[in-house]
Amino acid sequence: MNEQQYINALFEGFRLSNGDVEMLVSGLASSLFQESKQVRDLQQKIEEMDQVVSDSRGSVYVKCRSCQEYYDLPCDLSEFNRDYSYCGKNEFCCP
Ligand SMILES: [Zn+2]
C-alpha cells in the first residue's frame, strides 16, 4: 500500500464511521504508535548487530558491556543478549 492508498483507505474509514473524529484520531494514534514501536525495535536490533563482529575465518566476537573489548561469542548467535554481554576477564566484567 502506497501513501495515497493509505490516505484513501483512511478517509474511506472516516466516511464509513459517519464522521466519527474520535475514531479517526484513535486509528491514527494507534498507527503512529505501531510505526514508532517498529522503528524502536529496528534501532535496537541494529545496536545489537553493532555489538557483533566476525573475522575472515568465521569466528564471531561480541563487545563486552563493561570494558568495550570484543571477546569470543560463548553461545550461539541466536542466543546472544547484549544486556548480558560480559567478557569475564576481571571483576568489573561480570554480570
Ligand atoms: Zn570486559
# chains A, B, ... in the order shown; residues from 1 in each chain; ligands from 1
$ select_by_dssp --residues "chain A" --states "strand (DSSP E or B)" --output "list in words"
Val52, Val53, Ser54, Val60, Tyr61, Val62, Lys63, Tyr70, Tyr71 and Asp72 of chain A
$ write_last_selection --atoms "N, CA and C atoms" --output "PDB file, in the first residue's frame"
ATOM      1  N   VAL A  52      28.331  -7.171  17.398  1.00  0.00           N
ATOM      2  CA  VAL A  52      28.832  -8.453  16.913  1.00  0.00           C
ATOM      3  C   VAL A  52      29.719  -8.231  15.698  1.00  0.00           C
ATOM      4  N   VAL A  53      30.895  -8.857  15.692  1.00  0.00           N
ATOM      5  CA  VAL A  53      31.764  -8.823  14.520  1.00  0.00           C
ATOM      6  C   VAL A  53      32.248 -10.236  14.244  1.00  0.00           C
ATOM      7  N   SER A  54      32.673 -10.488  13.028  1.00  0.00           N
ATOM      8  CA  SER A  54      33.264 -11.782  12.717  1.00  0.00           C
ATOM      9  C   SER A  54      34.508 -11.552  11.883  1.00  0.00           C
ATOM     10  N   VAL A  60      33.207 -15.529  15.611  1.00  0.00           N
ATOM     11  CA  VAL A  60      32.321 -14.422  15.968  1.00  0.00           C
ATOM     12  C   VAL A  60      32.734 -13.848  17.315  1.00  0.00           C
ATOM     13  N   TYR A  61      32.795 -12.526  17.371  1.00  0.00           N
ATOM     14  CA  TYR A  61      33.168 -11.826  18.604  1.00  0.00           C
ATOM     15  C   TYR A  61      32.070 -10.838  18.960  1.00  0.00           C
ATOM     16  N   VAL A  62      31.887 -10.645  20.259  1.00  0.00           N
ATOM     17  CA  VAL A  62      30.884  -9.690  20.743  1.00  0.00           C
ATOM     18  C   VAL A  62      31.546  -8.721  21.709  1.00  0.00           C
ATOM     19  N   LYS A  63      30.949  -7.552  21.853  1.00  0.00           N
ATOM     20  CA  LYS A  63      31.523  -6.498  22.678  1.00  0.00           C
ATOM     21  C   LYS A  63      31.077  -6.634  24.138  1.00  0.00           C
ATOM     22  N   TYR A  70      36.185  -6.736  22.545  1.00  0.00           N
ATOM     23  CA  TYR A  70      35.494  -7.859  21.926  1.00  0.00           C
ATOM     24  C   TYR A  70      36.052  -9.168  22.468  1.00  0.00           C
ATOM     25  N   TYR A  71      35.199 -10.150  22.648  1.00  0.00           N
ATOM     26  CA  TYR A  71      35.608 -11.477  23.113  1.00  0.00           C
ATOM     27  C   TYR A  71      34.835 -12.532  22.327  1.00  0.00           C
ATOM     28  N   ASP A  72      35.331 -13.781  22.383  1.00  0.00           N
ATOM     29  CA  ASP A  72      34.679 -14.870  21.647  1.00  0.00           C
ATOM     30  C   ASP A  72      33.240 -15.045  22.107  1.00  0.00           C
TER      31      ASP A  72
END
$ residues_near_ligand --ligand "ligand 1" --cutoff "7 Å" --atoms "only C-alpha atoms and all ligand atoms" --output "PyMOL selection string"
chain A and resi 64-69+86-90+93
$ select_by_dssp --residues "stretch 12-75 of chain A" --states "helix (DSSP H, G or I)" --output "PyMOL selection string"
chain A and resi 12-16+21-50
$ write_last_selection --atoms "N, CA and C atoms" --output "JSON list (two decimals), in the first residue's frame"
[["chain", "number", "residue", "atom", "x", "y", "z"],
["A", 12, "GLU", "N", -11.81, 6.69, 3.66],
["A", 12, "GLU", "CA", -12.95, 5.80, 3.44],
["A", 12, "GLU", "C", -13.45, 5.28, 4.79],
["A", 13, "GLY", "N", -12.51, 4.92, 5.66],
["A", 13, "GLY", "CA", -12.90, 4.50, 7.01],
["A", 13, "GLY", "C", -13.58, 5.62, 7.76],
["A", 14, "PHE", "N", -13.11, 6.84, 7.57],
["A", 14, "PHE", "CA", -13.71, 8.00, 8.23],
["A", 14, "PHE", "C", -15.15, 8.20, 7.74],
["A", 15, "ARG", "N", -15.35, 8.06, 6.42],
["A", 15, "ARG", "CA", -16.71, 8.19, 5.87],
["A", 15, "ARG", "C", -17.62, 7.09, 6.40],
["A", 16, "LEU", "N", -17.11, 5.86, 6.47],
["A", 16, "LEU", "CA", -17.92, 4.74, 6.94],
["A", 16, "LEU", "C", -18.26, 4.88, 8.43],
["A", 21, "VAL", "N", -14.84, 11.62, 14.50],
["A", 21, "VAL", "CA", -13.48, 12.15, 14.58],
["A", 21, "VAL", "C", -12.66, 11.39, 15.63],
["A", 22, "GLU", "N", -13.31, 11.03, 16.72],
["A", 22, "GLU", "CA", -12.58, 10.32, 17.78],
["A", 22, "GLU", "C", -12.05, 8.99, 17.26],
["A", 23, "MET", "N", -12.86, 8.31, 16.45],
["A", 23, "MET", "CA", -12.42, 7.03, 15.87],
["A", 23, "MET", "C", -11.25, 7.25, 14.92],
["A", 24, "LEU", "N", -11.33, 8.33, 14.12],
["A", 24, "LEU", "CA", -10.25, 8.64, 13.18],
["A", 24, "LEU", "C", -8.95, 8.92, 13.93],
["A", 25, "VAL", "N", -9.02, 9.78, 14.95],
["A", 25, "VAL", "CA", -7.83, 10.14, 15.71],
["A", 25, "VAL", "C", -7.28, 8.91, 16.44],
["A", 26, "SER", "N", -8.18, 8.09, 16.98],
["A", 26, "SER", "CA", -7.75, 6.88, 17.66],
["A", 26, "SER", "C", -7.00, 5.95, 16.70],
["A", 27, "GLY", "N", -7.53, 5.81, 15.49],
["A", 27, "GLY", "CA", -6.87, 4.97, 14.50],
["A", 27, "GLY", "C", -5.51, 5.51, 14.09],
["A", 28, "LEU", "N", -5.43, 6.83, 13.93],
["A", 28, "LEU", "CA", -4.15, 7.45, 13.58],
["A", 28, "LEU", "C", -3.13, 7.30, 14.70],
["A", 29, "ALA", "N", -3.59, 7.51, 15.94],
["A", 29, "ALA", "CA", -2.69, 7.38, 17.09],
["A", 29, "ALA", "C", -2.18, 5.95, 17.20],
["A", 30, "SER", "N", -3.06, 4.99, 16.95],
["A", 30, "SER", "CA", -2.67, 3.58, 17.00],
["A", 30, "SER", "C", -1.63, 3.27, 15.92],
["A", 31, "SER", "N", -1.88, 3.78, 14.72],
["A", 31, "SER", "CA", -0.92, 3.56, 13.62],
["A", 31, "SER", "C", 0.42, 4.19, 13.94],
["A", 32, "LEU", "N", 0.39, 5.40, 14.47],
["A", 32, "LEU", "CA", 1.63, 6.10, 14.82],
["A", 32, "LEU", "C", 2.40, 5.34, 15.90],
["A", 33, "PHE", "N", 1.68, 4.83, 16.89],
["A", 33, "PHE", "CA", 2.33, 4.07, 17.95],
["A", 33, "PHE", "C", 2.99, 2.80, 17.40],
["A", 34, "GLN", "N", 2.26, 2.08, 16.55],
["A", 34, "GLN", "CA", 2.80, 0.84, 15.99],
["A", 34, "GLN", "C", 4.03, 1.13, 15.13],
["A", 35, "GLU", "N", 3.97, 2.20, 14.33],
["A", 35, "GLU", "CA", 5.11, 2.55, 13.48],
["A", 35, "GLU", "C", 6.33, 2.93, 14.31],
["A", 36, "SER", "N", 6.11, 3.73, 15.35],
["A", 36, "SER", "CA", 7.25, 4.17, 16.16],
["A", 36, "SER", "C", 7.82, 2.99, 16.95],
["A", 37, "LYS", "N", 6.98, 2.06, 17.37],
["A", 37, "LYS", "CA", 7.47, 0.86, 18.06],
["A", 37, "LYS", "C", 8.33, 0.03, 17.11],
["A", 38, "GLN", "N", 7.87, -0.09, 15.89],
["A", 38, "GLN", "CA", 8.63, -0.86, 14.90],
["A", 38, "GLN", "C", 10.00, -0.21, 14.66],
["A", 39, "VAL", "N", 10.04, 1.12, 14.59],
["A", 39, "VAL", "CA", 11.31, 1.83, 14.40],
["A", 39, "VAL", "C", 12.23, 1.59, 15.61],
["A", 40, "ARG", "N", 11.68, 1.69, 16.81],
["A", 40, "ARG", "CA", 12.49, 1.46, 18.02],
["A", 40, "ARG", "C", 13.04, 0.04, 18.04],
["A", 41, "ASP", "N", 12.20, -0.94, 17.68],
["A", 41, "ASP", "CA", 12.64, -2.33, 17.65],
["A", 41, "ASP", "C", 13.78, -2.52, 16.64],
["A", 42, "LEU", "N", 13.65, -1.88, 15.48],
["A", 42, "LEU", "CA", 14.69, -1.99, 14.46],
["A", 42, "LEU", "C", 15.99, -1.33, 14.93],
["A", 43, "GLN", "N", 15.86, -0.16, 15.59],
["A", 43, "GLN", "CA", 17.05, 0.52, 16.11],
["A", 43, "GLN", "C", 17.76, -0.35, 17.14],
["A", 44, "GLN", "N", 16.98, -1.00, 17.99],
["A", 44, "GLN", "CA", 17.57, -1.89, 18.99],
["A", 44, "GLN", "C", 18.27, -3.06, 18.33],
["A", 45, "LYS", "N", 17.65, -3.61, 17.29],
["A", 45, "LYS", "CA", 18.26, -4.73, 16.59],
["A", 45, "LYS", "C", 19.57, -4.31, 15.92],
["A", 46, "ILE", "N", 19.59, -3.10, 15.35],
["A", 46, "ILE", "CA", 20.82, -2.59, 14.72],
["A", 46, "ILE", "C", 21.91, -2.39, 15.76],
["A", 47, "GLU", "N", 21.53, -1.86, 16.94],
["A", 47, "GLU", "CA", 22.51, -1.69, 18.01],
["A", 47, "GLU", "C", 23.07, -3.04, 18.44],
["A", 48, "GLU", "N", 22.21, -4.07, 18.50],
["A", 48, "GLU", "CA", 22.68, -5.41, 18.86],
["A", 48, "GLU", "C", 23.63, -5.94, 17.80],
["A", 49, "MET", "N", 23.30, -5.70, 16.53],
["A", 49, "MET", "CA", 24.16, -6.18, 15.44],
["A", 49, "MET", "C", 25.51, -5.48, 15.48],
["A", 50, "ASP", "N", 25.54, -4.22, 15.92],
["A", 50, "ASP", "CA", 26.80, -3.49, 16.02],
["A", 50, "ASP", "C", 27.70, -4.05, 17.12]]
$ closest_residue --among "A:Asp83, A:Glu3, A:Asp20, A:Glu91" --to "A:Gln51" --atoms "only C-alpha atoms"
A:Asp83
$ closest_residue --among "A:Phe92, A:Asn8, A:Ser17, A:Ser59" --to "A:Cys75" --atoms "only C-alpha atoms"
A:Ser59
$ atom_distance --atom1 "atom CA of A:Pro95" --atom2 "atom CA of A:Asp76"
18.5 Å
$ atom_distance --atom1 "atom CA of A:Gly19" --atom2 "atom CA of A:Ile7"
15.3 Å
